[in-house]
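Quick look at data-v2.pdb (PDB, N, CA and C atoms):
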```
ATOM      1  N   MET A  13     167.019  22.689 -41.292
ATOM      2  CA  MET A  13     167.701  21.427 -41.099
ATOM      3  C   MET A  13     167.394  20.530 -42.294
ATOM      4  N   THR A  14     168.396  19.904 -42.835
ATOM      5  CA  THR A  14     168.198  19.026 -43.988
ATOM      6  C   THR A  14     168.176  17.582 -43.539
ATOM      7  N   ASP A  15     167.422  16.810 -44.281
ATOM      8  CA  ASP A  15     167.369  15.379 -44.010
ATOM      9  C   ASP A  15     168.618  14.732 -44.591
ATOM     10  N   GLN A  16     169.340  13.996 -43.764
ATOM     11  CA  GLN A  16     170.533  13.318 -44.253
ATOM     12  C   GLN A  16     170.256  11.831 -44.332
ATOM     13  N   LYS A  17     170.661  11.237 -45.433
ATOM     14  CA  LYS A  17     170.541   9.782 -45.550
ATOM     15  C   LYS A  17     171.652   9.149 -44.733
ATOM     16  N   ARG A  18     171.342   8.025 -44.156
ATOM     17  CA  ARG A  18     172.350   7.320 -43.378
ATOM     18  C   ARG A  18     173.251   6.562 -44.309
ATOM     19  N   ASN A  19     174.537   6.864 -44.229
ATOM     20  CA  ASN A  19     175.508   6.179 -45.064
ATOM     21  C   ASN A  19     176.189   5.031 -44.326
ATOM     22  N   GLU A  20     175.989   4.974 -43.012
ATOM     23  CA  GLU A  20     176.634   3.938 -42.217
ATOM     24  C   GLU A  20     175.922   2.612 -42.432
ATOM     25  N   GLU A  21     176.701   1.583 -42.649
ATOM     26  CA  GLU A  21     176.129   0.251 -42.761
ATOM     27  C   GLU A  21     175.851  -0.251 -41.349
ATOM     28  N   ARG A  22     174.700  -0.880 -41.178
ATOM     29  CA  ARG A  22     174.359  -1.467 -39.893
ATOM     30  C   ARG A  22     174.232  -2.968 -40.060
ATOM     31  N   LEU A  23     174.691  -3.699 -39.080
ATOM     32  CA  LEU A  23     174.569  -5.149 -39.082
ATOM     33  C   LEU A  23     173.355  -5.539 -38.262
ATOM     34  N   THR A  24     172.624  -6.532 -38.700
ATOM     35  CA  THR A  24     171.481  -7.024 -37.941
ATOM     36  C   THR A  24     171.949  -8.152 -37.041
ATOM     37  N   ILE A  25     171.625  -8.032 -35.749
ATOM     38  CA  ILE A  25     171.999  -9.095 -34.817
ATOM     39  C   ILE A  25     170.759  -9.643 -34.133
ATOM     40  N   ASN A  26     170.830 -10.922 -33.812
ATOM     41  CA  ASN A  26     169.821 -11.584 -33.000
ATOM     42  C   ASN A  26     168.425 -11.534 -33.609
ATOM     43  N   LYS A  27     168.317 -11.478 -34.911
ATOM     44  CA  LYS A  27     166.992 -11.400 -35.535
ATOM     45  C   LYS A  27     166.340 -12.775 -35.618
ATOM     46  N   GLU A  28     166.952 -13.673 -36.316
ATOM     47  CA  GLU A  28     166.436 -15.033 -36.415
ATOM     48  C   GLU A  28     167.622 -15.980 -36.382
ATOM     49  N   PHE A  29     167.387 -17.158 -35.897
ATOM     50  CA  PHE A  29     168.464 -18.133 -35.805
ATOM     51  C   PHE A  29     168.123 -19.331 -36.661
ATOM     52  N   GLU A  30     169.090 -19.740 -37.483
ATOM     53  CA  GLU A  30     168.841 -20.867 -38.355
ATOM     54  C   GLU A  30     168.938 -22.194 -37.613
ATOM     55  N   SER A  31     169.496 -22.181 -36.413
ATOM     56  CA  SER A  31     169.587 -23.420 -35.642
ATOM     57  C   SER A  31     169.657 -23.100 -34.154
ATOM     58  N   PHE A  32     169.419 -24.109 -33.344
ATOM     59  CA  PHE A  32     169.514 -23.939 -31.901
ATOM     60  C   PHE A  32     170.937 -23.566 -31.493
ATOM     61  N   ASP A  33     171.946 -24.144 -32.171
ATOM     62  CA  ASP A  33     173.343 -23.819 -31.866
ATOM     63  C   ASP A  33     173.612 -22.335 -32.072
ATOM     64  N   ALA A  34     173.060 -21.760 -33.134
ATOM     65  CA  ALA A  34     173.253 -20.326 -33.386
ATOM     66  C   ALA A  34     172.614 -19.515 -32.270
ATOM     67  N   PHE A  35     171.455 -19.961 -31.765
ATOM     68  CA  PHE A  35     170.802 -19.268 -30.661
ATOM     69  C   PHE A  35     171.676 -19.297 -29.413
ATOM     70  N   ILE A  36     172.274 -20.428 -29.119
ATOM     71  CA  ILE A  36     173.125 -20.549 -27.938
ATOM     72  C   ILE A  36     174.363 -19.672 -28.080
ATOM     73  N   ARG A  37     174.880 -19.528 -29.274
ATOM     74  CA  ARG A  37     176.090 -18.734 -29.476
ATOM     75  C   ARG A  37     175.837 -17.233 -29.393
ATOM     76  N   GLU A  38     174.616 -16.790 -29.646
ATOM     77  CA  GLU A  38     174.354 -15.353 -29.671
ATOM     78  C   GLU A  38     172.950 -15.068 -29.154
ATOM     79  N   TYR A  39     172.851 -14.370 -28.024
ATOM     80  CA  TYR A  39     171.544 -14.003 -27.508
ATOM     81  C   TYR A  39     171.646 -12.813 -26.577
ATOM     82  N   VAL A  40     170.529 -12.134 -26.415
ATOM     83  CA  VAL A  40     170.459 -10.914 -25.630
ATOM     84  C   VAL A  40     170.225 -11.254 -24.162
ATOM     85  N   THR A  41     171.008 -10.621 -23.283
ATOM     86  CA  THR A  41     170.832 -10.773 -21.843
ATOM     87  C   THR A  41     170.956  -9.402 -21.197
ATOM     88  N   ASN A  42     170.689  -9.327 -19.926
ATOM     89  CA  ASN A  42     170.903  -8.112 -19.137
ATOM     90  C   ASN A  42     170.344  -6.854 -19.794
ATOM     91  N   ILE A  43     169.056  -6.864 -20.044
ATOM     92  CA  ILE A  43     168.415  -5.709 -20.660
ATOM     93  C   ILE A  43     168.192  -4.614 -19.616
ATOM     94  N   SER A  44     168.403  -3.386 -20.018
ATOM     95  CA  SER A  44     168.144  -2.226 -19.152
ATOM     96  C   SER A  44     167.460  -1.158 -19.984
ATOM     97  N   LYS A  45     167.169  -0.040 -19.375
ATOM     98  CA  LYS A  45     166.515   1.054 -20.091
ATOM     99  C   LYS A  45     167.415   1.624 -21.188
ATOM    100  N   THR A  46     168.718   1.501 -21.014
ATOM    101  CA  THR A  46     169.650   2.126 -21.959
ATOM    102  C   THR A  46     170.277   1.163 -22.959
ATOM    103  N   GLY A  47     170.174  -0.149 -22.719
ATOM    104  CA  GLY A  47     170.805  -1.072 -23.653
ATOM    105  C   GLY A  47     170.706  -2.517 -23.213
ATOM    106  N   VAL A  48     171.490  -3.359 -23.903
ATOM    107  CA  VAL A  48     171.485  -4.800 -23.651
ATOM    108  C   VAL A  48     172.905  -5.335 -23.758
ATOM    109  N   PHE A  49     173.077  -6.518 -23.202
ATOM    110  CA  PHE A  49     174.320  -7.257 -23.408
ATOM    111  C   PHE A  49     173.990  -8.404 -24.344
ATOM    112  N   VAL A  50     174.761  -8.541 -25.415
ATOM    113  CA  VAL A  50     174.560  -9.610 -26.390
ATOM    114  C   VAL A  50     175.699 -10.604 -26.225
ATOM    115  N   ARG A  51     175.357 -11.806 -25.766
ATOM    116  CA  ARG A  51     176.370 -12.853 -25.645
ATOM    117  C   ARG A  51     176.648 -13.394 -27.027
ATOM    118  N   THR A  52     177.918 -13.408 -27.397
ATOM    119  CA  THR A  52     178.322 -13.913 -28.703
ATOM    120  C   THR A  52     179.788 -14.292 -28.667
ATOM    121  N   GLN A  53     180.141 -15.292 -29.427
ATOM    122  CA  GLN A  53     181.539 -15.699 -29.531
ATOM    123  C   GLN A  53     182.326 -14.766 -30.444
ATOM    124  N   THR A  54     181.606 -13.967 -31.230
ATOM    125  CA  THR A  54     182.274 -13.061 -32.177
ATOM    126  C   THR A  54     181.738 -11.640 -32.011
ATOM    127  N   PRO A  55     182.133 -10.957 -30.924
ATOM    128  CA  PRO A  55     181.645  -9.592 -30.719
ATOM    129  C   PRO A  55     182.124  -8.657 -31.829
ATOM    130  N   LEU A  56     181.313  -7.670 -32.111
ATOM    131  CA  LEU A  56     181.643  -6.671 -33.119
ATOM    132  C   LEU A  56     182.504  -5.578 -32.498
ATOM    133  N   PRO A  57     183.235  -4.844 -33.300
ATOM    134  CA  PRO A  57     184.088  -3.779 -32.761
ATOM    135  C   PRO A  57     183.261  -2.654 -32.117
ATOM    136  N   ILE A  58     183.837  -2.027 -31.106
ATOM    137  CA  ILE A  58     183.215  -0.871 -30.472
ATOM    138  C   ILE A  58     182.955   0.186 -31.538
ATOM    139  N   GLY A  59     181.774   0.795 -31.473
ATOM    140  CA  GLY A  59     181.382   1.808 -32.443
ATOM    141  C   GLY A  59     180.536   1.274 -33.577
ATOM    142  N   THR A  60     180.432  -0.059 -33.703
ATOM    143  CA  THR A  60     179.626  -0.652 -34.775
ATOM    144  C   THR A  60     178.145  -0.378 -34.514
ATOM    145  N   LYS A  61     177.445   0.110 -35.522
ATOM    146  CA  LYS A  61     175.995   0.318 -35.444
ATOM    147  C   LYS A  61     175.315  -0.999 -35.819
ATOM    148  N   VAL A  62     174.268  -1.363 -35.067
ATOM    149  CA  VAL A  62     173.577  -2.626 -35.300
ATOM    150  C   VAL A  62     172.074  -2.414 -35.296
ATOM    151  N   ASN A  63     171.384  -3.188 -36.114
ATOM    152  CA  ASN A  63     169.927  -3.257 -36.063
ATOM    153  C   ASN A  63     169.579  -4.326 -35.039
ATOM    154  N   LEU A  64     168.797  -3.972 -34.054
ATOM    155  CA  LEU A  64     168.405  -4.909 -33.010
ATOM    156  C   LEU A  64     166.997  -5.415 -33.263
ATOM    157  N   CYS A  65     166.787  -6.674 -33.032
ATOM    158  CA  CYS A  65     165.463  -7.276 -33.112
ATOM    159  C   CYS A  65     165.505  -8.511 -32.232
ATOM    160  N   PHE A  66     164.878  -8.417 -31.052
ATOM    161  CA  PHE A  66     164.909  -9.551 -30.143
ATOM    162  C   PHE A  66     163.595  -9.659 -29.397
ATOM    163  N   SER A  67     163.309 -10.857 -28.922
ATOM    164  CA  SER A  67     162.051 -11.137 -28.246
ATOM    165  C   SER A  67     162.202 -11.041 -26.743
ATOM    166  N   VAL A  68     161.126 -10.573 -26.110
ATOM    167  CA  VAL A  68     161.023 -10.560 -24.651
ATOM    168  C   VAL A  68     159.669 -11.151 -24.290
ATOM    169  N   ILE A  69     159.571 -11.635 -23.073
ATOM    170  CA  ILE A  69     158.314 -12.231 -22.642
ATOM    171  C   ILE A  69     157.673 -11.320 -21.611
ATOM    172  N   THR A  70     156.473 -10.851 -21.926
ATOM    173  CA  THR A  70     155.654 -10.105 -20.964
ATOM    174  C   THR A  70     154.465 -11.022 -20.689
ATOM    175  N   ASP A  71     153.268 -10.613 -21.039
ATOM    176  CA  ASP A  71     152.125 -11.533 -20.980
ATOM    177  C   ASP A  71     152.176 -12.489 -22.167
ATOM    178  N   THR A  72     152.816 -12.027 -23.225
ATOM    179  CA  THR A  72     153.021 -12.820 -24.433
ATOM    180  C   THR A  72     154.458 -12.583 -24.882
ATOM    181  N   VAL A  73     154.844 -13.208 -25.978
ATOM    182  CA  VAL A  73     156.163 -12.954 -26.549
ATOM    183  C   VAL A  73     156.060 -11.703 -27.413
ATOM    184  N   GLU A  74     156.892 -10.721 -27.131
ATOM    185  CA  GLU A  74     156.892  -9.446 -27.850
ATOM    186  C   GLU A  74     158.271  -9.229 -28.466
ATOM    187  N   THR A  75     158.351  -8.335 -29.431
ATOM    188  CA  THR A  75     159.609  -8.042 -30.106
ATOM    189  C   THR A  75     160.003  -6.587 -29.898
ATOM    190  N   ILE A  76     161.248  -6.390 -29.508
ATOM    191  CA  ILE A  76     161.822  -5.048 -29.402
ATOM    192  C   ILE A  76     162.732  -4.850 -30.602
ATOM    193  N   GLU A  77     162.531  -3.734 -31.292
ATOM    194  CA  GLU A  77     163.332  -3.433 -32.471
ATOM    195  C   GLU A  77     163.889  -2.026 -32.380
ATOM    196  N   GLY A  78     165.077  -1.852 -32.915
ATOM    197  CA  GLY A  78     165.679  -0.526 -32.931
ATOM    198  C   GLY A  78     167.097  -0.566 -33.453
ATOM    199  N   VAL A  79     167.785   0.518 -33.217
ATOM    200  CA  VAL A  79     169.175   0.666 -33.634
ATOM    201  C   VAL A  79     170.020   0.814 -32.383
ATOM    202  N   GLY A  80     171.143   0.132 -32.355
ATOM    203  CA  GLY A  80     172.053   0.224 -31.225
ATOM    204  C   GLY A  80     173.477   0.445 -31.696
ATOM    205  N   GLU A  81     174.345   0.642 -30.710
ATOM    206  CA  GLU A  81     175.768   0.827 -30.999
ATOM    207  C   GLU A  81     176.578   0.051 -29.973
ATOM    208  N   VAL A  82     177.552  -0.697 -30.451
ATOM    209  CA  VAL A  82     178.428  -1.455 -29.556
ATOM    210  C   VAL A  82     179.294  -0.465 -28.780
ATOM    211  N   VAL A  83     179.228  -0.547 -27.437
ATOM    212  CA  VAL A  83     179.999   0.378 -26.602
ATOM    213  C   VAL A  83     181.050  -0.319 -25.748
ATOM    214  N   ARG A  84     180.947  -1.659 -25.629
ATOM    215  CA  ARG A  84     181.986  -2.394 -24.911
ATOM    216  C   ARG A  84     182.002  -3.838 -25.369
ATOM    217  N   VAL A  85     183.173  -4.452 -25.232
ATOM    218  CA  VAL A  85     183.357  -5.855 -25.585
ATOM    219  C   VAL A  85     183.910  -6.563 -24.362
ATOM    220  N   GLU A  86     183.347  -7.722 -24.038
ATOM    221  CA  GLU A  86     183.762  -8.506 -22.876
ATOM    222  C   GLU A  86     184.243  -9.880 -23.326
ATOM    223  N   THR A  87     185.103 -10.482 -22.506
ATOM    224  CA  THR A  87     185.586 -11.822 -22.822
ATOM    225  C   THR A  87     185.018 -12.892 -21.900
ATOM    226  N   ASN A  88     184.537 -12.515 -20.707
ATOM    227  CA  ASN A  88     184.012 -13.506 -19.770
ATOM    228  C   ASN A  88     182.780 -12.970 -19.067
ATOM    229  N   PRO A  89     181.575 -13.252 -19.528
ATOM    230  CA  PRO A  89     181.286 -14.062 -20.703
ATOM    231  C   PRO A  89     181.571 -13.273 -21.978
ATOM    232  N   SER A  90     181.785 -13.988 -23.039
ATOM    233  CA  SER A  90     182.086 -13.364 -24.320
ATOM    234  C   SER A  90     180.843 -12.660 -24.858
ATOM    235  N   GLY A  91     181.007 -11.403 -25.232
ATOM    236  CA  GLY A  91     179.873 -10.670 -25.781
ATOM    237  C   GLY A  91     180.165  -9.193 -25.898
ATOM    238  N   MET A  92     179.088  -8.423 -26.068
ATOM    239  CA  MET A  92     179.240  -6.980 -26.265
ATOM    240  C   MET A  92     178.072  -6.236 -25.646
ATOM    241  N   GLY A  93     178.382  -5.080 -25.088
ATOM    242  CA  GLY A  93     177.372  -4.181 -24.580
ATOM    243  C   GLY A  93     176.906  -3.293 -25.715
ATOM    244  N   VAL A  94     175.592  -3.223 -25.901
ATOM    245  CA  VAL A  94     175.011  -2.421 -26.975
ATOM    246  C   VAL A  94     174.063  -1.408 -26.355
ATOM    247  N   VAL A  95     174.303  -0.137 -26.619
ATOM    248  CA  VAL A  95     173.441   0.916 -26.119
ATOM    249  C   VAL A  95     172.377   1.218 -27.177
ATOM    250  N   PHE A  96     171.135   1.463 -26.720
ATOM    251  CA  PHE A  96     170.063   1.815 -27.646
ATOM    252  C   PHE A  96     170.303   3.220 -28.175
ATOM    253  N   ARG A  97     170.248   3.395 -29.485
ATOM    254  CA  ARG A  97     170.343   4.716 -30.109
ATOM    255  C   ARG A  97     168.994   5.175 -30.631
ATOM    256  N   GLU A  98     168.193   4.237 -31.128
ATOM    257  CA  GLU A  98     166.847   4.536 -31.624
ATOM    258  C   GLU A  98     165.956   3.338 -31.321
ATOM    259  N   LEU A  99     164.811   3.608 -30.708
ATOM    260  CA  LEU A  99     163.798   2.570 -30.511
ATOM    261  C   LEU A  99     162.462   3.154 -30.941
ATOM    262  N   SER A 100     161.624   2.318 -31.521
ATOM    263  CA  SER A 100     160.279   2.781 -31.854
ATOM    264  C   SER A 100     159.538   3.089 -30.564
ATOM    265  N   THR A 101     158.496   3.892 -30.664
ATOM    266  CA  THR A 101     157.681   4.205 -29.489
ATOM    267  C   THR A 101     157.135   2.931 -28.876
ATOM    268  N   TYR A 102     156.680   2.012 -29.720
ATOM    269  CA  TYR A 102     156.157   0.744 -29.234
ATOM    270  C   TYR A 102     157.226  -0.020 -28.446
ATOM    271  N   SER A 103     158.435  -0.106 -29.001
ATOM    272  CA  SER A 103     159.518  -0.823 -28.331
ATOM    273  C   SER A 103     159.909  -0.145 -27.024
ATOM    274  N   ARG A 104     159.952   1.178 -27.003
ATOM    275  CA  ARG A 104     160.296   1.926 -25.781
ATOM    276  C   ARG A 104     159.241   1.666 -24.702
ATOM    277  N   ASN A 105     157.962   1.712 -25.070
ATOM    278  CA  ASN A 105     156.889   1.439 -24.108
ATOM    279  C   ASN A 105     156.941   0.005 -23.604
ATOM    280  N   LEU A 106     157.240  -0.920 -24.492
ATOM    281  CA  LEU A 106     157.365  -2.327 -24.114
ATOM    282  C   LEU A 106     158.528  -2.518 -23.139
ATOM    283  N   LEU A 107     159.627  -1.871 -23.410
ATOM    284  CA  LEU A 107     160.789  -1.940 -22.534
ATOM    285  C   LEU A 107     160.465  -1.375 -21.152
ATOM    286  N   ASP A 108     159.796  -0.231 -21.118
ATOM    287  CA  ASP A 108     159.395   0.366 -19.836
ATOM    288  C   ASP A 108     158.490  -0.582 -19.059
ATOM    289  N   LYS A 109     157.534  -1.201 -19.752
ATOM    290  CA  LYS A 109     156.609  -2.149 -19.122
ATOM    291  C   LYS A 109     157.372  -3.342 -18.549
ATOM    292  N   LEU A 110     158.324  -3.849 -19.318
ATOM    293  CA  LEU A 110     159.117  -4.990 -18.890
ATOM    294  C   LEU A 110     159.934  -4.653 -17.638
ATOM    295  N   LEU A 111     160.559  -3.483 -17.625
ATOM    296  CA  LEU A 111     161.428  -3.105 -16.514
ATOM    297  C   LEU A 111     160.638  -2.797 -15.236
ATOM    298  N   VAL A 112     159.419  -2.305 -15.369
ATOM    299  CA  VAL A 112     158.568  -2.048 -14.199
ATOM    300  C   VAL A 112     158.214  -3.359 -13.509
ATOM    301  N   ARG A 113     158.030  -4.420 -14.296
ATOM    302  CA  ARG A 113     157.677  -5.732 -13.742
ATOM    303  C   ARG A 113     158.783  -6.320 -12.888
ATOM    304  N   ARG A 114     160.017  -5.947 -13.196
ATOM    305  CA  ARG A 114     161.145  -6.484 -12.424
ATOM    306  C   ARG A 114     161.029  -5.976 -11.034
TER     307      ARG A 114
END
```

Will you turn the file into structure tokens for me?
Amino acid sequence: MTDQKRNEERLTINKEFESFDAFIREYVTNISKTGVFVRTQTPLPIGTKVNLCFSVITDTVETIEGVGEVVRVETNPSGMGVVFRELSTYSRNLLDKLLVRR
């Protein structure tokens, strides 16, 4: 098996917000084991690969990072469903810990 370089461009979403208004316009909700819903006024097209970086609160504020893919676009509320394609071991364990608490 050969190592292939990724030629697909990925967009980074929800990493940092330059203002409170930007935070209100785009944020992660409805997290599950398989993905998240990102509320945004400008959803990306289905099939778009994205770099995910968002905070969750456990005992402290933690960050989940990985690669996702837009699998659905909604209008009410406006946003997009993003399925996790790659998560670090740390992020996967953090996600499992978060979901067990629910």

Q: Give me the residues within 8 Å of range 105-109 of chain A as an MDAnalysis selection string, counting all atoms listed in the file and dropping any in the same chain fewer than 2 places off.
A: chainID A and resid 44:45 70 75:76 99:103 111:114

Q: Please provide as a ChimeraX atom specification all residues within 9 Å of Val95 in chain A, with the sequence filter that same-chain residues fewer than 4 positions apart are discarded (counting only C-alpha atoms).
A: /A:46-49,79-83

Q: One decimal, Å: what's the distance from atom N of Val62 in chain A over to CA of Val40 in chain A, could you say?
A: 14.0 Å

Q: List the neighbours of range 52-56 of chain A out to 8 Å using only N, CA and C atoms; skip same-chain residues closer than 6 positions along the sequence, and give me the result as a PyMOL selection string.
A: chain A and resi 36-40+82-86+89-93

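Of note, atom C of Leu64 in chain A and atom C of Thr87 in chain A are spaced 22.6 Å apart.
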
Listed atoms of range 75-81 of chain A boxed axis-aligned with 5 Å per side, centre + edges as AutoDock Vina command-line options:
```
--center_x 167.5 --center_y -3.8 --center_z -31.5 --size_x 28.2 --size_y 19.2 --size_z 14.2
```

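Going from CA of Phe96 in chain A over to atom C of Gly78 in chain A, you cover 6.9 Å.
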
Q: Assign secondary structure with DSSP using the backbone only, and return the residues of range 39-105 of chain A in helix (DSSP H, G or I) as a list in words.
A: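 Those residues are Thr101, Tyr102, Ser103, Arg104 and Asn105 of chain A.
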
All heavy atoms are needed for range 103-113 of chain A; please write them out as an mmCIF file, in the frame of the given file.
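Okay, this is what ended up in out23.cif:
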```
data_model
loop_
_atom_site.group_PDB
_atom_site.id
_atom_site.type_symbol
_atom_site.label_atom_id
_atom_site.label_comp_id
_atom_site.auth_asym_id
_atom_site.auth_seq_id
_atom_site.Cartn_x
_atom_site.Cartn_y
_atom_site.Cartn_z
ATOM 1 N N SER A 103 158.435 -0.106 -29.001
ATOM 2 C CA SER A 103 159.518 -0.823 -28.331
ATOM 3 C C SER A 103 159.909 -0.145 -27.024
ATOM 4 O O SER A 103 160.166 -0.810 -26.020
ATOM 5 C CB SER A 103 160.734 -0.941 -29.247
ATOM 6 O OG SER A 103 160.453 -1.811 -30.323
ATOM 7 N N ARG A 104 159.952 1.178 -27.003
ATOM 8 C CA ARG A 104 160.296 1.926 -25.781
ATOM 9 C C ARG A 104 159.241 1.666 -24.702
ATOM 10 O O ARG A 104 159.578 1.399 -23.546
ATOM 11 C CB ARG A 104 160.407 3.418 -26.104
ATOM 12 C CG ARG A 104 160.683 4.311 -24.919
ATOM 13 C CD ARG A 104 162.012 4.133 -24.246
ATOM 14 N NE ARG A 104 163.128 4.382 -25.121
ATOM 15 C CZ ARG A 104 164.364 3.976 -24.855
ATOM 16 N NH1 ARG A 104 164.636 3.308 -23.751
ATOM 17 N NH2 ARG A 104 165.346 4.224 -25.682
ATOM 18 N N ASN A 105 157.962 1.712 -25.070
ATOM 19 C CA ASN A 105 156.889 1.439 -24.108
ATOM 20 C C ASN A 105 156.941 0.005 -23.604
ATOM 21 O O ASN A 105 156.731 -0.255 -22.415
ATOM 22 C CB ASN A 105 155.520 1.733 -24.723
ATOM 23 C CG ASN A 105 155.287 3.205 -24.944
ATOM 24 O OD1 ASN A 105 155.914 4.060 -24.315
ATOM 25 N ND2 ASN A 105 154.394 3.529 -25.868
ATOM 26 N N LEU A 106 157.240 -0.920 -24.492
ATOM 27 C CA LEU A 106 157.365 -2.327 -24.114
ATOM 28 C C LEU A 106 158.528 -2.518 -23.139
ATOM 29 O O LEU A 106 158.411 -3.222 -22.136
ATOM 30 C CB LEU A 106 157.563 -3.174 -25.365
ATOM 31 C CG LEU A 106 157.630 -4.678 -25.200
ATOM 32 C CD1 LEU A 106 156.368 -5.211 -24.547
ATOM 33 C CD2 LEU A 106 157.835 -5.328 -26.559
ATOM 34 N N LEU A 107 159.627 -1.871 -23.410
ATOM 35 C CA LEU A 107 160.789 -1.940 -22.534
ATOM 36 C C LEU A 107 160.465 -1.375 -21.152
ATOM 37 O O LEU A 107 160.795 -1.980 -20.130
ATOM 38 C CB LEU A 107 161.952 -1.183 -23.177
ATOM 39 C CG LEU A 107 163.281 -1.196 -22.442
ATOM 40 C CD1 LEU A 107 163.799 -2.616 -22.279
ATOM 41 C CD2 LEU A 107 164.286 -0.353 -23.193
ATOM 42 N N ASP A 108 159.796 -0.231 -21.118
ATOM 43 C CA ASP A 108 159.395 0.366 -19.836
ATOM 44 C C ASP A 108 158.490 -0.582 -19.059
ATOM 45 O O ASP A 108 158.661 -0.777 -17.852
ATOM 46 C CB ASP A 108 158.676 1.703 -20.060
ATOM 47 C CG ASP A 108 159.610 2.800 -20.539
ATOM 48 O OD1 ASP A 108 160.850 2.650 -20.395
ATOM 49 O OD2 ASP A 108 159.112 3.805 -21.072
ATOM 50 N N LYS A 109 157.534 -1.201 -19.752
ATOM 51 C CA LYS A 109 156.609 -2.149 -19.122
ATOM 52 C C LYS A 109 157.372 -3.342 -18.549
ATOM 53 O O LYS A 109 157.128 -3.783 -17.426
ATOM 54 C CB LYS A 109 155.587 -2.610 -20.153
ATOM 55 C CG LYS A 109 154.584 -3.615 -19.659
ATOM 56 C CD LYS A 109 153.628 -3.989 -20.791
ATOM 57 C CE LYS A 109 152.728 -5.128 -20.411
ATOM 58 N NZ LYS A 109 151.860 -5.552 -21.526
ATOM 59 N N LEU A 110 158.324 -3.849 -19.318
ATOM 60 C CA LEU A 110 159.117 -4.990 -18.890
ATOM 61 C C LEU A 110 159.934 -4.653 -17.638
ATOM 62 O O LEU A 110 160.011 -5.431 -16.698
ATOM 63 C CB LEU A 110 160.031 -5.428 -20.030
ATOM 64 C CG LEU A 110 160.964 -6.590 -19.750
ATOM 65 C CD1 LEU A 110 160.169 -7.880 -19.600
ATOM 66 C CD2 LEU A 110 161.982 -6.716 -20.866
ATOM 67 N N LEU A 111 160.559 -3.483 -17.625
ATOM 68 C CA LEU A 111 161.428 -3.105 -16.514
ATOM 69 C C LEU A 111 160.638 -2.797 -15.236
ATOM 70 O O LEU A 111 161.142 -3.024 -14.136
ATOM 71 C CB LEU A 111 162.318 -1.943 -16.913
ATOM 72 C CG LEU A 111 163.319 -2.291 -18.021
ATOM 73 C CD1 LEU A 111 164.060 -1.039 -18.490
ATOM 74 C CD2 LEU A 111 164.303 -3.357 -17.580
ATOM 75 N N VAL A 112 159.419 -2.305 -15.369
ATOM 76 C CA VAL A 112 158.568 -2.048 -14.199
ATOM 77 C C VAL A 112 158.214 -3.359 -13.509
ATOM 78 O O VAL A 112 158.171 -3.437 -12.294
ATOM 79 C CB VAL A 112 157.288 -1.277 -14.605
ATOM 80 C CG1 VAL A 112 156.245 -1.310 -13.499
ATOM 81 C CG2 VAL A 112 157.634 0.147 -14.977
ATOM 82 N N ARG A 113 158.030 -4.420 -14.296
ATOM 83 C CA ARG A 113 157.677 -5.732 -13.742
ATOM 84 C C ARG A 113 158.783 -6.320 -12.888
ATOM 85 O O ARG A 113 158.553 -7.125 -12.020
ATOM 86 C CB ARG A 113 157.348 -6.712 -14.849
ATOM 87 C CG ARG A 113 156.036 -6.419 -15.463
ATOM 88 C CD ARG A 113 155.738 -7.456 -16.480
ATOM 89 N NE ARG A 113 154.334 -7.373 -16.793
ATOM 90 C CZ ARG A 113 153.676 -8.281 -17.456
ATOM 91 N NH1 ARG A 113 154.297 -9.368 -17.850
ATOM 92 N NH2 ARG A 113 152.412 -8.141 -17.700
#
```
